[in-house]
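Everything on this sheet refers to the single structure shown next.
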Amino acid sequence: MKEIIMQEIPKIEHIADLLYQNKAHIVFNDLENEFQMISKIMIEFINRCDQYNEMGMEIPKEVLLSQMQNCMEAYKKGDILMLADSFQYEICQSISLFRDILNELGE
């Protein structure tokens, strides 16, 4: 999982940058595949939240679910700015946290 995350973080950041530059047409075809990868990572993170919370990490599952919902809502509405913000400030941050946890636990 860590290898997938390491590959996805720069992709998400790049997509967000292009969206901020109003170049959605460049990444439009890649968004569906990217959503699948993001969903896979976020679902894995959400599934591990209880385990991590038992270790004292206090990761709110509801926030992660809300971030996924915000991202999908922005995509469905075609709200490019909201989608870029969601990628940059929610999804990328959460996936980076997941990466850091995996590193800390040696997984």
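Chain labels A, B, ... are given in the sequence in which chains occur in the structure tokens; within each chain residues are numbered consecutively from 1, and ligands are likewise numbered from 1 in the order shown.
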Open item on the list: Need to verify the contact set: range 84-89 of chain A, 7 Å, only C-alpha atoms, exclusion of same-chain residues closer than 6 positions in sequence. Can you return it as a PyMOL selection string?
Closed with: chain A and resi 12-13+16+19-20+70-71
Take the residues from that selection and write them out as a tab-separated table (two decimals), in the first residue's frame, keeping C-alpha atoms.
chain	number	residue	atom	x	y	z
A	12	ILE	CA	-2.88	14.13	-6.93
A	13	GLU	CA	-0.77	17.25	-6.41
A	16	ALA	CA	-4.73	19.82	-8.34
A	19	LEU	CA	-7.14	22.26	-12.01
A	20	TYR	CA	-6.03	25.50	-10.33
A	70	ASN	CA	-16.66	16.43	-0.81
A	71	CYS	CA	-14.34	15.25	-3.55
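Residues in contact with Ile46 in chain A at up to 12 Å, not including ones fewer than 2 positions away on its chain and judged by only C-alpha atoms, are Ile38, Ser39, Lys40, Ile41, Met42, Ile43, Glu44, Arg48, Cys49, Asp50, Gln51, Tyr52, Asn53, Ile59, Pro60, Lys61, Glu62, Val63, Leu64, Leu65, Ser66, Gln67, Met68, Ser94, Ile95, Leu97 and Phe98 of chain A.
Distances here use only C-alpha atoms; by that measure, the residue among A:Pro10, A:Glu73, A:Glu58, A:Ile80 closest to Lys23 in chain A is A:Ile80.
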